[in-house]
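Engineer: This one is model_16.csv, CSV, C-alpha atoms (C1' of nucleotides).
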chain,number,residue,atom,x,y,z
A,15,MET,CA,4.6,80.2,-83.4
A,16,ALA,CA,5.2,81.4,-86.9
A,17,LEU,CA,2.2,83.7,-86.9
A,18,GLY,CA,3.6,85.5,-83.9
A,19,ALA,CA,6.7,86.2,-85.9
A,20,LEU,CA,4.7,88.1,-88.4
A,21,ALA,CA,2.4,89.8,-85.9
A,22,GLN,CA,4.8,92.6,-85.3
A,23,SER,CA,5.1,95.6,-87.6
A,24,THR,CA,8.8,95.8,-88.0
A,25,ARG,CA,9.1,92.1,-88.7
A,26,LEU,CA,6.2,92.0,-91.1
A,27,GLU,CA,7.8,94.9,-93.0
A,28,ALA,CA,11.2,93.1,-93.0
A,29,PHE,CA,9.6,90.0,-94.4
A,30,ARG,CA,7.7,92.0,-97.0
A,31,LEU,CA,10.9,93.6,-98.0
A,32,LEU,CA,12.7,90.3,-98.3
A,33,ALA,CA,9.8,88.8,-100.3
A,34,ALA,CA,10.0,91.7,-102.7
A,35,HIS,CA,13.7,91.1,-103.1
A,36,GLU,CA,13.4,87.5,-104.0
A,37,PRO,CA,15.4,85.6,-105.1
A,38,ASP,CA,18.4,87.9,-104.5
A,39,GLY,CA,17.9,88.6,-100.9
A,40,LEU,CA,19.2,91.5,-98.9
A,41,PRO,CA,22.1,91.9,-96.4
A,42,ALA,CA,21.1,92.6,-92.8
A,43,GLY,CA,22.5,96.1,-92.9
A,44,ALA,CA,20.4,97.1,-95.9
A,45,ILE,CA,17.3,95.8,-94.2
A,46,ALA,CA,17.9,97.8,-91.1
A,47,ASP,CA,18.7,100.8,-93.2
A,48,ALA,CA,15.6,100.5,-95.4
A,49,LEU,CA,13.4,100.3,-92.3
A,50,ALA,CA,15.3,102.9,-90.3
A,51,VAL,CA,16.0,100.6,-87.4
A,52,PRO,CA,19.3,100.1,-85.6
A,53,GLN,CA,21.2,97.1,-86.7
A,54,ASN,CA,21.2,95.3,-83.4
A,55,THR,CA,17.4,95.8,-83.1
A,56,MET,CA,16.9,94.5,-86.6
A,57,SER,CA,19.2,91.6,-85.9
A,58,SER,CA,16.9,90.5,-83.1
A,59,HIS,CA,13.9,90.6,-85.3
A,60,LEU,CA,15.7,88.7,-88.1
A,61,ALA,CA,16.7,86.1,-85.6
A,62,ILE,CA,13.0,85.6,-84.6
A,63,LEU,CA,11.9,85.4,-88.2
A,64,ALA,CA,14.7,82.9,-88.8
A,65,ARG,CA,13.7,80.8,-85.8
A,66,ALA,CA,10.2,80.7,-87.2
A,67,GLY,CA,11.6,79.4,-90.5
A,68,LEU,CA,10.3,82.3,-92.5
A,69,ILE,CA,13.8,83.6,-93.6
A,70,ARG,CA,17.2,82.1,-94.1
A,71,SER,CA,20.7,83.6,-94.0
A,72,ARG,CA,23.8,83.0,-95.9
A,73,ARG,CA,27.2,84.6,-95.4
A,74,HIS,CA,28.4,86.5,-98.5
A,75,SER,CA,31.9,87.7,-97.7
A,76,ARG,CA,31.4,90.5,-95.1
A,77,SER,CA,27.6,90.6,-95.3
A,78,ILE,CA,25.0,88.2,-94.2
A,79,VAL,CA,22.3,88.0,-96.9
A,80,TYR,CA,18.8,87.1,-95.8
A,81,ARG,CA,16.2,85.6,-98.1
A,82,ALA,CA,12.5,85.0,-97.5
A,83,ASP,CA,11.4,81.4,-97.4
A,84,LEU,CA,8.3,81.7,-99.5
A,85,ALA,CA,7.4,78.0,-99.3
A,86,ARG,CA,7.4,78.3,-95.5
A,87,PHE,CA,5.2,81.4,-95.7
A,88,GLN,CA,2.8,79.6,-97.9
A,89,GLN,CA,2.7,76.8,-95.4
A,90,VAL,CA,1.9,79.2,-92.6
A,91,ALA,CA,-0.8,80.9,-94.6
A,92,LEU,CA,-2.3,77.6,-95.6
A,93,PHE,CA,-2.3,76.4,-92.0
A,94,LEU,CA,-4.1,79.5,-90.9
A,95,ILE,CA,-6.7,79.3,-93.5
A,96,LYS,CA,-7.3,75.6,-93.4
A,97,ASP,CA,-7.3,75.5,-89.7
A,98,CYS,CA,-9.9,78.1,-89.3
A,99,CYS,CA,-12.1,77.0,-92.2
A,100,GLY,CA,-11.9,73.4,-91.0
A,101,GLY,CA,-14.3,71.3,-93.0
A,102,ARG,CA,-16.3,74.2,-94.4
A,103,PRO,CA,-15.5,74.7,-98.1
A,104,GLU,CA,-18.1,77.4,-98.5
A,105,LEU,CA,-16.2,79.7,-96.1
A,106,CYS,CA,-12.9,79.5,-98.0
A,107,THR,CA,-14.2,79.6,-101.5
A,108,PRO,CA,-14.6,83.4,-101.6
A,109,LEU,CA,-11.1,83.6,-100.4
A,110,ILE,CA,-9.8,81.9,-103.4
A,111,ALA,CA,-12.0,84.0,-105.6
A,112,ASP,CA,-10.4,87.2,-104.1
A,113,LEU,CA,-7.0,85.7,-104.6
A,114,GLN,CA,-7.4,85.0,-108.3
A,115,PRO,CA,-7.2,88.6,-109.5
A,116,CYS,CA,-3.9,89.1,-107.6
A,117,CYS,CA,-2.3,85.8,-108.2
A,118,GLY,CA,-4.4,84.0,-110.8
A,119,PRO,CA,-2.4,82.0,-113.3
A,120,LYS,CA,-4.2,83.3,-116.3
A,121,GLU,CA,-6.0,86.5,-116.8
A,122,PRO,CA,-4.6,89.7,-115.2
A,123,ALA,CA,-8.2,91.0,-114.7
A,124,ASP,CA,-7.3,94.5,-113.7
A,125,VAL,CA,-10.2,97.0,-113.3
B,6,MET,CA,-3.3,94.3,-85.4
B,7,ALA,CA,-5.6,91.5,-86.3
B,8,LEU,CA,-2.8,89.1,-86.9
B,9,GLY,CA,-1.6,89.6,-83.3
B,10,ALA,CA,-5.1,88.6,-82.1
B,11,LEU,CA,-4.6,85.2,-83.8
B,12,ALA,CA,-1.0,84.8,-82.8
B,13,GLN,CA,-1.9,83.4,-79.4
B,14,SER,CA,-2.8,79.8,-78.9
B,15,THR,CA,-5.8,80.3,-76.7
B,16,ARG,CA,-7.3,82.9,-79.0
B,17,LEU,CA,-6.6,81.0,-82.1
B,18,GLU,CA,-8.3,77.9,-80.6
B,19,ALA,CA,-11.2,80.0,-79.5
B,20,PHE,CA,-11.6,81.4,-83.0
B,21,ARG,CA,-11.3,77.9,-84.5
B,22,LEU,CA,-14.0,76.7,-82.2
B,23,LEU,CA,-16.3,79.6,-83.2
B,24,ALA,CA,-15.6,79.1,-86.9
B,25,ALA,CA,-16.5,75.4,-86.5
B,26,HIS,CA,-19.7,76.5,-84.8
B,27,GLU,CA,-20.9,78.9,-87.5
B,28,PRO,CA,-23.5,80.1,-87.9
B,29,ASP,CA,-24.9,79.3,-84.5
B,30,GLY,CA,-22.2,80.7,-82.4
B,31,LEU,CA,-21.3,79.7,-78.8
B,32,PRO,CA,-21.9,81.4,-75.4
B,33,ALA,CA,-18.8,82.7,-73.6
B,34,GLY,CA,-19.1,80.1,-70.9
B,35,ALA,CA,-19.1,77.2,-73.3
B,36,ILE,CA,-16.0,78.5,-75.0
B,37,ALA,CA,-14.2,78.8,-71.7
B,38,ASP,CA,-15.4,75.4,-70.7
B,39,ALA,CA,-14.4,73.8,-74.0
B,40,LEU,CA,-10.9,75.1,-73.8
B,41,ALA,CA,-10.5,74.6,-70.0
B,42,VAL,CA,-9.8,78.3,-69.3
B,43,PRO,CA,-11.3,80.4,-66.5
B,44,GLN,CA,-14.2,82.6,-67.7
B,45,ASN,CA,-12.6,85.9,-66.9
B,46,THR,CA,-9.4,84.9,-68.7
B,47,MET,CA,-11.4,83.8,-71.7
B,48,SER,CA,-13.4,87.0,-71.5
B,49,SER,CA,-10.2,89.0,-72.0
B,50,HIS,CA,-9.2,87.0,-75.0
B,51,LEU,CA,-12.7,87.3,-76.5
B,52,ALA,CA,-12.5,91.0,-76.0
B,53,ILE,CA,-9.2,91.2,-77.9
B,54,LEU,CA,-10.7,89.1,-80.8
B,55,ALA,CA,-13.7,91.3,-80.8
B,56,ARG,CA,-11.6,94.5,-80.9
B,57,ALA,CA,-9.8,93.0,-83.8
B,58,GLY,CA,-13.1,92.5,-85.5
B,59,LEU,CA,-12.7,88.8,-85.8
B,60,ILE,CA,-15.7,87.9,-83.6
B,61,ARG,CA,-19.0,89.5,-82.7
B,62,SER,CA,-21.2,89.1,-79.6
B,63,ARG,CA,-24.9,89.2,-79.1
B,64,ARG,CA,-26.8,88.8,-75.9
B,65,HIS,CA,-29.1,85.9,-75.8
B,66,SER,CA,-31.0,86.1,-72.5
B,67,ARG,CA,-28.5,85.3,-69.8
B,68,SER,CA,-25.7,84.2,-72.1
B,69,ILE,CA,-23.6,86.2,-74.5
B,70,VAL,CA,-23.3,84.3,-77.8
B,71,TYR,CA,-20.1,84.9,-79.8
B,72,ARG,CA,-19.8,84.3,-83.5
B,73,ALA,CA,-16.8,84.3,-85.8
B,74,ASP,CA,-16.8,87.0,-88.4
B,75,LEU,CA,-15.5,84.9,-91.3
B,76,ALA,CA,-15.6,87.8,-93.8
B,77,ARG,CA,-13.2,89.7,-91.6
B,78,PHE,CA,-11.0,86.6,-91.3
B,79,GLN,CA,-10.9,86.3,-95.0
B,80,GLN,CA,-9.9,89.9,-95.2
B,81,VAL,CA,-7.0,89.4,-92.8
B,82,ALA,CA,-5.8,86.3,-94.6
B,83,LEU,CA,-6.0,88.1,-97.9
B,84,PHE,CA,-4.1,91.1,-96.5
B,85,LEU,CA,-1.3,88.8,-95.3
B,86,ILE,CA,-1.0,86.9,-98.5
B,87,LYS,CA,-1.3,89.9,-100.9
B,88,ASP,CA,0.9,92.1,-98.8
B,89,CYS,CA,3.8,89.6,-98.8
B,90,CYS,CA,3.4,88.4,-102.3
B,91,GLY,CA,3.3,91.9,-103.6
B,92,GLY,CA,3.4,91.9,-107.3
B,93,ARG,CA,4.7,88.4,-107.6
B,94,PRO,CA,1.9,86.1,-108.9
B,95,GLU,CA,4.2,83.2,-109.2
B,96,LEU,CA,4.7,83.1,-105.5
B,97,CYS,CA,1.0,83.0,-104.7
B,98,THR,CA,-0.2,80.6,-107.4
B,99,PRO,CA,0.9,77.5,-105.6
B,100,LEU,CA,-1.0,78.7,-102.6
B,101,ILE,CA,-4.2,78.8,-104.5
B,102,ALA,CA,-3.4,75.3,-105.9
B,103,ASP,CA,-3.0,74.0,-102.4
B,104,LEU,CA,-6.2,75.6,-101.3
B,105,GLN,CA,-8.3,74.1,-104.0
B,106,PRO,CA,-8.4,70.5,-102.6
B,107,CYS,CA,-9.7,72.0,-99.3
B,108,CYS,CA,-12.0,74.6,-100.5
B,109,GLY,CA,-12.4,74.2,-104.2
B,110,PRO,CA,-15.8,75.2,-105.6
B,111,LYS,CA,-16.1,72.1,-107.8
B,112,GLU,CA,-14.4,68.8,-107.5
B,113,PRO,CA,-13.9,67.3,-104.0
B,114,ALA,CA,-10.6,65.9,-105.3
B,115,ASP,CA,-9.9,63.7,-102.3
B,116,VAL,CA,-7.1,61.1,-102.7
C,12,DA,C1',-37.5,92.4,-54.6
C,13,DC,C1',-34.4,88.5,-54.0
C,14,DG,C1',-31.3,84.9,-55.2
C,15,DA,C1',-29.1,82.2,-58.9
C,16,DT,C1',-26.7,82.2,-63.2
C,17,DA,C1',-23.7,84.2,-66.9
C,18,DT,C1',-20.4,87.4,-68.0
C,19,DT,C1',-17.5,91.3,-67.6
C,20,DT,C1',-14.5,94.7,-65.3
C,21,DC,C1',-11.0,95.7,-61.9
C,22,DT,C1',-6.6,94.8,-60.1
C,23,DA,C1',-2.2,93.0,-59.6
C,24,DG,C1',1.7,89.8,-60.2
C,25,DG,C1',4.8,87.3,-63.3
C,26,DA,C1',6.3,86.5,-67.8
C,27,DT,C1',7.5,87.8,-72.3
C,28,DG,C1',8.8,91.2,-75.8
C,29,DA,C1',10.9,95.4,-78.0
C,30,DT,C1',14.4,98.5,-78.0
C,31,DC,C1',19.1,99.9,-78.0
C,32,DG,C1',24.0,101.1,-76.1
C,33,DA,C1',28.2,98.7,-75.7
C,34,DA,C1',31.1,94.9,-76.3
C,35,DA,C1',32.3,90.8,-78.9
C,36,DT,C1',32.8,88.1,-83.3
C,37,DA,C1',33.8,87.4,-88.2
C,38,DT,C1',35.5,88.8,-92.7
C,39,DG,C1',38.5,91.2,-96.1
C,40,DG,C1',42.2,94.4,-97.4
C,41,DA,C1',46.8,96.7,-96.8
D,12,DT,C1',49.3,91.6,-88.2
D,13,DC,C1',46.4,95.7,-87.9
D,14,DC,C1',42.5,98.3,-89.1
D,15,DA,C1',37.9,98.9,-91.1
D,16,DT,C1',33.4,96.9,-92.1
D,17,DA,C1',29.3,94.0,-91.2
D,18,DT,C1',26.8,91.7,-88.0
D,19,DT,C1',25.7,89.5,-83.7
D,20,DT,C1',25.5,88.8,-78.7
D,21,DC,C1',25.2,90.8,-74.1
D,22,DG,C1',22.9,93.5,-70.7
D,23,DA,C1',19.5,96.6,-69.1
D,24,DT,C1',15.2,99.2,-69.3
D,25,DC,C1',10.5,100.0,-70.4
D,26,DA,C1',6.3,98.5,-72.1
D,27,DT,C1',3.0,95.0,-73.1
D,28,DC,C1',0.7,90.6,-72.4
D,29,DC,C1',-1.2,86.5,-70.0
D,30,DT,C1',-3.4,85.0,-66.1
D,31,DA,C1',-6.7,84.7,-62.6
D,32,DG,C1',-8.9,86.1,-57.9
D,33,DA,C1',-12.3,89.3,-56.4
D,34,DA,C1',-15.9,92.4,-57.2
D,35,DA,C1',-19.3,94.4,-60.2
D,36,DT,C1',-23.0,94.2,-63.8
D,37,DA,C1',-26.9,92.1,-66.3
D,38,DT,C1',-30.6,88.7,-66.8
D,39,DC,C1',-34.0,85.4,-65.5
D,40,DG,C1',-37.2,82.8,-62.4
D,41,DT,C1',-39.9,83.0,-58.2
Could you write out this structure as structure tokens?

Structural biologist:
Amino acid sequence: MALGALAQSTRLEAFRLLAAHEPDGLPAGAIADALAVPQNTMSSHLAILARAGLIRSRRHSRSIVYRADLARFQQVALFLIKDCCGGRPELCTPLIADLQPCCGPKEPADV
Amino acid sequence: MALGALAQSTRLEAFRLLAAHEPDGLPAGAIADALAVPQNTMSSHLAILARAGLIRSRRHSRSIVYRADLARFQQVALFLIKDCCGGRPELCTPLIADLQPCCGPKEPADV
DNA sequence: ACGATATTTCTAGGATGATCGAAATATGGA
DNA sequence: TCCATATTTCGATCATCCTAGAAATATCGT
């Protein structure tokens, strides 16, 4: 399950890091370095995230550069929300309202 | 972690069931029955969901009625989305767009 | 007080997961 | 070809999780 892939602190942080580094991506070693985790340990986590479809890898000479698949992430988040709100718009509406200040297309609405 | 509580099929289904039965809730036995899981097994899962703050329980004579805490769920979903989209509105905007048809405050917008 | 119902807690076995040292694989430069 | 770099795969250990049988707790009706 894709949710399970994100339900682990090291992996969630790795995904966050990759999301923040879109669209350039980050090589495996840099990720392990940034999170202070051994490379082989991080490699396992990256493999799990990749198997869940949340990240992709492409070789770039000696390094393997990972990138977050944001479309897939949106899909997972949507599944979670829609699945749990099933048929009850009034339960999800405040969620959208809270999302607007962060990601709204128009007004920044800070403070 | 609250995400971990939902990253398990039986628990996710239990939460879905409770969300669908808002605001009445459902007694523990009915949940176990609906998902074809032994009562003690379900009890463990419910305890985990409760510890994560995603559900609440109240005794109702002989039964213990569980209810989904939708505010908490919204909080978790928001955390996940905001955390991963950190500072990148353009990544979350399509998420809102996809959410509108399901939970939009105004137009039903079906088909 | 007693028995029946509803649920939890205790306990344990089996499965899965996280971590990491060591070895293996792939790439590029001399 | 040989060595250095970057990453993965293998193997093992330790912890955690899922599951469910059995016993314990709480509530109600009589």

Engineer: Could you write out as a list of chain:residue names the residues of chain B within 12 Å of chain D, counting all atoms listed in the file?

Structural biologist: B:Gly9, B:Ala10, B:Gln13, B:Ser14, B:Thr15, B:Arg16, B:Val42, B:Pro43, B:Gln44, B:Asn45, B:Thr46, B:Met47, B:Ser48, B:Ser49, B:His50, B:Ile53, B:Arg64, B:His65, B:Ser66, B:Arg67, B:Ser68, B:Ile69

Engineer: Can you tell me which residues surround segment 45-50 of chain A at a distance of at most 8 Å, considering only C-alpha atoms (C1' of nucleotides), apart from same-chain residues fewer than 4 positions away, and format the answer as a list of chain:residue names?

Structural biologist: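 Once the nearby chain positions are removed, what remains is A:Thr24, A:Glu27, A:Ala28, A:Leu31, A:Leu40, A:Pro41, A:Met56.
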
Engineer: Kindly determine which residues of chain C lie within 8 Å of chain B, considering all atoms listed in the file, and give the answer as a list of chain:residue names.

Structural biologist: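 Here is what falls inside 8 Å: C:DT16, C:DA17, C:DT18, C:DT19.
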
Engineer: Name all residues at most 12 Å from Asp38 of chain A (count all atoms listed in the file; drop same-chain ones fewer than 6 positions away) and give them as JSON, numbers by chain.

Structural biologist: {"A": [31, 32, 70, 71, 72, 74, 79, 80, 81, 82, 83]}

Engineer: Of the candidates B:Cys89, B:Ala24, B:Met6, B:Leu11, which shows the shortest atom-to-atom distance to Leu75 of chain B, using all atoms listed in the file?

Structural biologist: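 Nearest to Leu75 of chain B: B:Ala24.
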
Engineer: I'd like the interatomic distance between atom CA of Arg86 of chain A and atom CA of Val81 of chain B, to a tenth of an Å.

Structural biologist: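 Answer for the atom CA of Arg86 of chain A to atom CA of Val81 of chain B separation: 18.4 Å.
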
Engineer: To one decimal place, how far is atom CA of Phe84 of chain B from atom CA of Ala91 of chain A in Å?

Structural biologist: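 The value is 10.9 Å.
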
Engineer: Have a look at atom CA of Ile69 of chain A and atom CA of Phe29 of chain A and let me know their distance in Å, one decimal.

Structural biologist: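 That distance, rounded to one decimal, is 7.7 Å.
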